[in-house]
$ cat work.cif   # mmCIF, C-alpha atoms and all ligand atoms
data_coords
#
loop_
_atom_site.label_atom_id
_atom_site.label_comp_id
_atom_site.auth_asym_id
_atom_site.auth_seq_id
_atom_site.Cartn_x
_atom_site.Cartn_y
_atom_site.Cartn_z
CA MET S 697 15.09 23.77 -27.10
CA GLN S 698 14.48 25.73 -23.89
CA GLN S 699 12.17 24.15 -21.31
CA GLN S 700 9.65 26.96 -21.63
CA ALA S 701 9.49 26.53 -25.41
CA ILE S 702 8.87 22.80 -24.93
CA ILE S 703 6.04 23.51 -22.49
CA ASP S 704 4.48 26.05 -24.88
CA LYS S 705 4.73 23.69 -27.84
CA THR S 706 3.24 20.84 -25.84
CA ALA S 707 0.37 23.05 -24.63
CA SER S 708 -0.45 24.02 -28.26
CA TYR S 709 -0.30 20.38 -29.36
CA VAL S 710 -2.65 19.24 -26.57
CA LYS S 711 -4.99 22.16 -27.15
CA ALA S 712 -5.29 21.30 -30.83
CA GLN S 713 -6.00 17.65 -29.95
CA LEU S 714 -8.65 18.24 -27.29
CA GLU S 715 -10.28 21.57 -28.05
CA GLY S 716 -14.09 21.47 -28.16
CA GLU S 717 -14.22 17.93 -26.76
CA GLY S 718 -17.64 17.46 -25.11
CA SER S 719 -17.25 14.79 -22.43
CA GLY S 720 -15.39 16.82 -19.80
CA HIS S 721 -11.90 15.83 -20.98
CA ASP S 722 -11.43 18.93 -23.08
CA TRP S 723 -8.55 21.41 -23.23
CA TRP S 724 -9.90 23.38 -20.27
CA HIS S 725 -9.71 20.29 -18.07
CA ILE S 726 -6.04 19.97 -19.04
CA PHE S 727 -5.52 23.67 -18.42
CA ARG S 728 -6.97 23.44 -14.88
CA VAL S 729 -4.98 20.30 -14.06
CA TRP S 730 -1.83 22.01 -15.32
CA LYS S 731 -2.45 25.06 -13.11
CA ASN S 732 -3.48 22.97 -10.08
CA ALA S 733 -0.38 20.82 -10.50
CA LEU S 734 1.89 23.87 -10.58
CA TYR S 735 0.16 25.25 -7.51
CA ILE S 736 0.60 21.99 -5.59
CA ALA S 737 4.22 21.69 -6.77
CA SER S 738 4.96 25.17 -5.45
CA HIS S 739 3.90 23.97 -1.98
CA GLU S 740 5.55 20.55 -2.06
CA LYS S 741 9.31 20.76 -1.85
CA GLY S 742 11.55 18.91 -4.28
CA ALA S 743 9.33 18.34 -7.31
CA ASP S 744 10.77 18.70 -10.81
CA THR S 745 8.27 21.18 -12.24
CA PHE S 746 9.29 20.51 -15.85
CA ILE S 747 8.19 16.88 -15.50
CA VAL S 748 5.06 17.95 -13.56
CA GLU S 749 4.05 20.36 -16.33
CA LEU S 750 4.67 17.93 -19.17
CA ALA S 751 2.81 15.10 -17.45
CA ALA S 752 -0.11 17.37 -16.53
CA LEU S 753 -0.39 18.63 -20.10
CA LEU S 754 -0.16 15.18 -21.68
CA HIS S 755 -2.07 13.11 -19.12
CA ASP S 756 -5.29 12.69 -21.11
CA ILE S 757 -3.79 12.29 -24.57
CA GLY S 758 -5.02 8.92 -25.79
CA ASP S 759 -7.15 8.30 -22.67
CA HIS S 760 -8.37 4.67 -22.48
CA LYS S 761 -11.98 5.93 -22.20
CA PHE S 762 -11.76 7.05 -25.83
CA HIS S 763 -9.82 4.11 -27.25
CA ASN S 764 -12.10 1.20 -26.35
CA GLY S 765 -10.38 0.74 -23.00
CA ASP S 766 -6.89 0.41 -24.49
CA GLU S 767 -4.52 1.75 -21.82
CA THR S 768 -1.41 1.55 -23.96
CA VAL S 769 -2.47 4.23 -26.47
CA GLY S 770 -1.84 7.16 -24.09
CA PRO S 771 1.75 6.43 -23.09
CA ARG S 772 2.58 5.53 -26.70
CA MET S 773 1.29 8.88 -28.04
CA VAL S 774 3.10 10.74 -25.25
CA ARG S 775 6.37 9.00 -26.05
CA GLU S 776 6.05 9.79 -29.76
CA TRP S 777 5.45 13.45 -29.00
CA LEU S 778 8.36 13.79 -26.55
CA GLU S 779 10.73 11.94 -28.87
CA LYS S 780 9.81 14.39 -31.60
CA LEU S 781 10.93 17.17 -29.25
CA GLN S 782 14.18 15.26 -28.69
CA LEU S 783 13.95 15.18 -24.92
CA ASP S 784 16.28 13.01 -22.83
CA GLU S 785 15.13 9.44 -22.36
CA GLU S 786 15.12 9.95 -18.60
CA ILE S 787 12.50 12.71 -18.88
CA ILE S 788 10.44 10.80 -21.46
CA ALA S 789 10.37 7.70 -19.25
CA ALA S 790 9.36 9.74 -16.18
CA VAL S 791 6.48 11.45 -18.00
CA CYS S 792 5.25 8.21 -19.61
CA ALA S 793 5.29 6.41 -16.25
CA ILE S 794 3.10 9.13 -14.75
CA VAL S 795 0.62 9.10 -17.64
CA SER S 796 0.23 5.32 -17.57
CA GLY S 797 -0.21 5.18 -13.79
CA LEU S 798 -2.69 8.00 -13.57
CA SER S 799 -6.22 6.87 -14.17
CA TYR S 800 -8.69 5.82 -11.52
CA LYS S 801 -9.37 2.09 -11.69
CA GLY S 802 -12.17 1.54 -9.18
CA ALA S 803 -12.98 2.12 -5.52
CA CYS S 804 -11.20 -0.97 -4.21
CA THR S 805 -8.09 -0.81 -6.37
CA SER S 806 -4.85 0.81 -5.30
CA SER S 807 -3.37 3.94 -6.82
CA ALA S 808 0.30 3.86 -5.95
CA MET S 809 2.37 6.59 -7.58
CA PRO S 810 6.07 6.08 -7.00
CA THR S 811 7.30 9.61 -7.76
CA LEU S 812 6.47 12.97 -6.17
CA GLU S 813 5.81 14.42 -9.66
CA GLY S 814 3.31 11.62 -10.32
CA ARG S 815 1.57 12.16 -7.00
CA ILE S 816 1.22 15.87 -7.72
CA VAL S 817 -0.27 15.36 -11.19
CA GLN S 818 -2.63 12.67 -9.92
CA ASP S 819 -3.81 14.95 -7.12
CA ALA S 820 -4.34 17.80 -9.59
CA ASP S 821 -6.34 15.54 -11.91
CA ARG S 822 -8.46 14.30 -9.01
CA LEU S 823 -9.15 17.80 -7.74
CA ASP S 824 -10.71 18.53 -11.13
CA ALA S 825 -12.97 15.50 -10.70
CA ILE S 826 -14.59 16.85 -7.52
CA GLY S 827 -16.34 20.05 -6.42
CA ALA S 828 -18.54 22.14 -8.72
CA ILE S 829 -16.43 21.34 -11.76
CA GLY S 830 -16.37 17.68 -10.88
CA ILE S 831 -20.18 17.64 -10.74
CA ALA S 832 -20.44 19.40 -14.12
CA ARG S 833 -17.91 17.07 -15.72
CA THR S 834 -19.53 13.96 -14.28
CA PHE S 835 -22.93 14.77 -15.75
CA ALA S 836 -21.35 15.82 -19.06
CA TYR S 837 -19.60 12.45 -19.23
CA GLY S 838 -22.76 10.58 -18.22
CA GLY S 839 -24.69 12.35 -20.98
CA HIS S 840 -21.93 11.56 -23.45
CA LYS S 841 -22.33 7.89 -22.51
CA GLY S 842 -26.15 8.02 -22.58
CA ARG S 843 -26.53 7.23 -18.87
CA GLU S 844 -29.49 7.99 -16.63
CA LEU S 845 -29.03 10.84 -14.13
CA TYR S 846 -30.25 8.70 -11.26
CA ASN S 847 -32.20 5.50 -10.73
CA PRO S 848 -33.07 4.68 -7.11
CA ALA S 849 -33.29 0.96 -7.98
CA ILE S 850 -29.66 0.74 -9.10
CA LYS S 851 -27.26 0.78 -6.15
CA PRO S 852 -23.62 1.89 -6.34
CA VAL S 853 -20.92 -0.79 -6.59
CA LEU S 854 -17.43 -0.50 -5.10
CA HIS S 855 -15.43 -1.99 -7.96
CA ASP S 856 -12.45 -4.13 -7.08
CA ASN S 857 -11.06 -4.39 -10.57
CA PHE S 858 -10.53 -2.02 -13.46
CA ASP S 859 -12.48 -4.04 -16.06
CA THR S 860 -15.80 -4.03 -14.19
CA TYR S 861 -15.29 -0.34 -13.30
CA LYS S 862 -14.57 0.55 -16.93
CA SER S 863 -17.59 -1.31 -18.29
CA SER S 864 -20.11 0.10 -15.76
CA THR S 865 -23.24 1.65 -17.28
CA ALA S 866 -24.74 2.77 -13.96
CA PRO S 867 -26.56 6.11 -13.53
CA THR S 868 -24.36 9.17 -13.04
CA ILE S 869 -25.31 9.69 -9.38
CA ASN S 870 -23.73 6.29 -8.59
CA HIS S 871 -20.41 7.65 -9.79
CA PHE S 872 -20.33 9.94 -6.76
CA TYR S 873 -20.22 6.87 -4.49
CA GLU S 874 -17.99 4.80 -6.75
CA LYS S 875 -15.37 7.49 -7.23
CA LEU S 876 -15.92 11.17 -6.46
CA LEU S 877 -16.64 10.98 -2.73
CA LEU S 878 -13.66 8.65 -2.25
CA LEU S 879 -11.09 10.95 -3.81
CA LYS S 880 -10.65 13.29 -0.82
CA ASP S 881 -9.02 10.48 1.17
CA ARG S 882 -6.88 9.39 -1.74
CA MET S 883 -5.01 12.67 -2.16
CA HIS S 884 -1.27 12.17 -1.74
CA THR S 885 -0.16 15.70 -0.88
CA LEU S 886 -1.20 17.87 2.05
CA THR S 887 -1.86 20.81 -0.29
CA ALA S 888 -4.33 18.80 -2.38
CA ARG S 889 -5.95 17.26 0.69
CA GLN S 890 -6.70 20.71 2.03
CA MET S 891 -8.13 21.87 -1.31
CA ALA S 892 -10.21 18.71 -1.57
CA GLU S 893 -12.01 19.35 1.75
CA LYS S 894 -14.05 22.27 0.45
CA ARG S 895 -14.83 20.60 -2.87
CA HIS S 896 -15.91 17.44 -1.05
CA ARG S 897 -18.31 19.33 1.22
CA TYR S 898 -19.78 21.07 -1.84
CA MET S 899 -20.58 17.70 -3.42
CA GLU S 900 -22.21 16.45 -0.23
CA GLY S 901 -24.39 19.56 -0.23
CA PHE S 902 -25.26 19.00 -3.88
CA LEU S 903 -26.32 15.40 -3.22
CA ALA S 904 -28.45 16.37 -0.22
CA GLN S 905 -30.27 18.97 -2.33
CA PHE S 906 -30.60 16.55 -5.26
CA TYR S 907 -32.36 13.95 -3.11
CA ALA S 908 -34.52 16.61 -1.43
CA GLU S 909 -35.79 17.70 -4.84
CA TRP S 910 -36.07 14.13 -6.14
CA ASN S 911 -38.05 12.97 -3.11
CA ALA S 912 -40.06 16.21 -2.91
CA THR S 913 -38.99 16.86 0.64
CA ASP S 914 -38.00 20.44 -0.18
CA TYR S 915 -41.58 21.67 -0.70
CA PRO S 916 -42.41 24.75 1.42
CA GLU S 917 -44.67 23.91 4.31
CA GLN S 918 -48.36 24.10 3.39
CA THR S 919 -50.55 26.13 5.78
NI NI S 1001 -7.69 14.12 -16.59
#

$ encode --input "work.cif" --output "structure tokens" --more "lines below"
Ligand code: NI
Amino acid sequence: MQQQAIIDKTASYVKAQLEGEGSGHDWWHIFRVWKNALYIASHEKGADTFIVELAALLHDIGDHKFHNGDETVGPRMVREWLEKLQLDEEIIAAVCAIVSGLSYKGACTSSAMPTLEGRIVQDADRLDAIGAIGIARTFAYGGHKGRELYNPAIKPVLHDNFDTYKSSTAPTINHFYEKLLLLKDRMHTLTARQMAEKRHRYMEGFLAQFYAEWNATDYPEQT
């Protein structure tokens, strides 16, 4: 099968799996990550775009967040799909390694990605977690999990292991401090780092306005 046909088939498979999903991990998230990854790859020399596209498309299939924290489901489903398409073992292994290394595990955990393709897909996924879309997705996910928007009494925690990060039930605003605001400095590629700057500033502006409204400091001056 031609590479383009494999990409198209994989996109249809992922779309059918994730369409209409309501927690911010829907098909359109995948679509944006796919496009962001291709954009970054076009600016970073030497990446195998076939692997970048496959990994971007498949990166949230079987996400641990939807399988009771089981991190092995994703790579297993990805492998099954790619074997069905009869791809070379070398490509299958490369894509599976990216998918299993991708997710964010807490503020004080490391996120090493050994391949350029993996670094590009991880950057693309993280770009979709920040900025205006990141804000929208974060509150959608918080709602999906039944979390409070904000609770001034509950302070953010910088998690140093994946289990405590995964089991957190903190208000959604805390997630900005535990993950979103940290992502800008965790981008691997220069292209993504530059894109992250603007999205990061937008989130800072959002938070400033959020607290101004929450604390009623944005009332017009009374005369
Ligand atoms: Ni994702």

$ residues_around --input "work.cif" --residues "region 897-909 of chain S" --least-positions-apart "2" --cutoff "12 Å" --atoms "all atoms listed in the file" --output "PyMOL selection string"
chain S and resi 825-832+834+845-848+868-873+876-880+890-895+911-916

$ residues_near_ligand --input "work.cif" --ligand "ligand NI 1001 (chain S)" --cutoff "8 Å" --atoms "only C-alpha atoms and all ligand atoms" --output "PyMOL selection string"
chain S and resi 721+725-726+729+755-756+799+821-822+824

$ residues_around --input "work.cif" --residues "region 707-712 of chain S" --least-positions-apart "3" --cutoff "12 Å" --atoms "all atoms listed in the file" --output "count of residues only"
32

$ atom_distance --input "work.cif" --atom1 "CA of Ala808 (chain S)" --atom2 "CA of Asn857 (chain S)"
14.8 Å

$ closest_residue --input "work.cif" --among "S:Ile788, S:Ile816, S:Trp910, S:Phe858" --to "Glu776 (chain S)" --atoms "all atoms listed in the file"
S:Ile788

$ atom_distance --input "work.cif" --atom1 "CA of Tyr735 (chain S)" --atom2 "CA of Thr887 (chain S)"
8.7 Å

$ atom_distance --input "work.cif" --atom1 "CA of Ala836 (chain S)" --atom2 "CA of Arg815 (chain S)"
26.2 Å

$ axis_aligned_box --input "work.cif" --around "region 843-848 of chain S" --padding-each-side "4 Å" --output "AutoDock Vina command-line options"
--center_x -29.8 --center_y 7.8 --center_z -13.0 --size_x 14.5 --size_y 14.2 --size_z 19.8
